[in-house]
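Trainee: Got a structure here, written out as structure tokens. Questions coming.
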Amino acid sequence: MAHDRKIAADTVEDAISLTRWFSYHQKTYLESGEVNHTDAMLDKIVEFVGRNPDGATAREVQQRLRKTAKITRMYLDKLVPGRLTCVEMPPPKEKGGHTKVIYRLPEQ
């Protein structure tokens, strides 16, 4: 029987305003959690790289985090330059191969 009752326009407007208020605050709350998660992940990467005297490759970081290569690269890009540096190490000329990129703490 509720569908037969009329609702005043100001009641509907108040309901919409309240919904928007909750939506805004939920979004703000969820975004802050995402930022905290990202900061924690960046700290974890820096700690992992710092524990390795020779630094770490993107692949080693990816294996440690158990994330995709794309996500790992996104995190590393946020850390370089600043909290990490990267050094390109060409392969030995007699063996060939690919250039290896090593991530290190700035003081390593």
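Ordering of the structure tokens sets the chain letters (A, B, ...), residue numbers begin anew at 1 in every chain, and ligands are numbered from 1 in the order given.
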Which residues of region 22-81 of chain A come within 6 Å of region 85-105 of chain A, and for each one, what is the closest pair of atoms and their distance in Å to one decimal, counting only C-alpha atoms, sorted by chain and residue number, as CSV?
Mentor:
```
residue,atom,partner,partner_atom,distance
A:Gly55,CA,A:Arg104,CA,4.5
A:Ala56,CA,A:Tyr103,CA,5.3
A:Thr57,CA,A:Ile102,CA,4.8
A:Val80,CA,A:Thr85,CA,5.6
A:Pro81,CA,A:Thr85,CA,5.8
```
Trainee: As a PyMOL selection string, please: every residue in chain A that DSSP puts in alpha helix (DSSP H).
Mentor: chain A and resi 9-51+58-65+69-79
Trainee: Find the residues around Met41 (chain A) up to 12 Å (only C-alpha atoms counted), leave out those fewer than 4 positions away in its own chain, and share them as JSON, numbers by chain.
Mentor: {"A": [34, 35, 36, 37, 45, 46, 47, 48, 61, 62, 64, 65, 66, 67, 71, 72, 74, 75, 76, 78, 79]}
Trainee: Can you measure CA of Ser23 (chain A) to CA of His3 (chain A) for me? One decimal in Å is fine.
Mentor: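 So the answer is 25.8 Å.
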Trainee: List every residue of chain A that DSSP, applied to the backbone of this structure, assigns to strand (DSSP E), and report them as a ChimeraX atom specification.
Mentor: /A:56-57,85-89,100-104
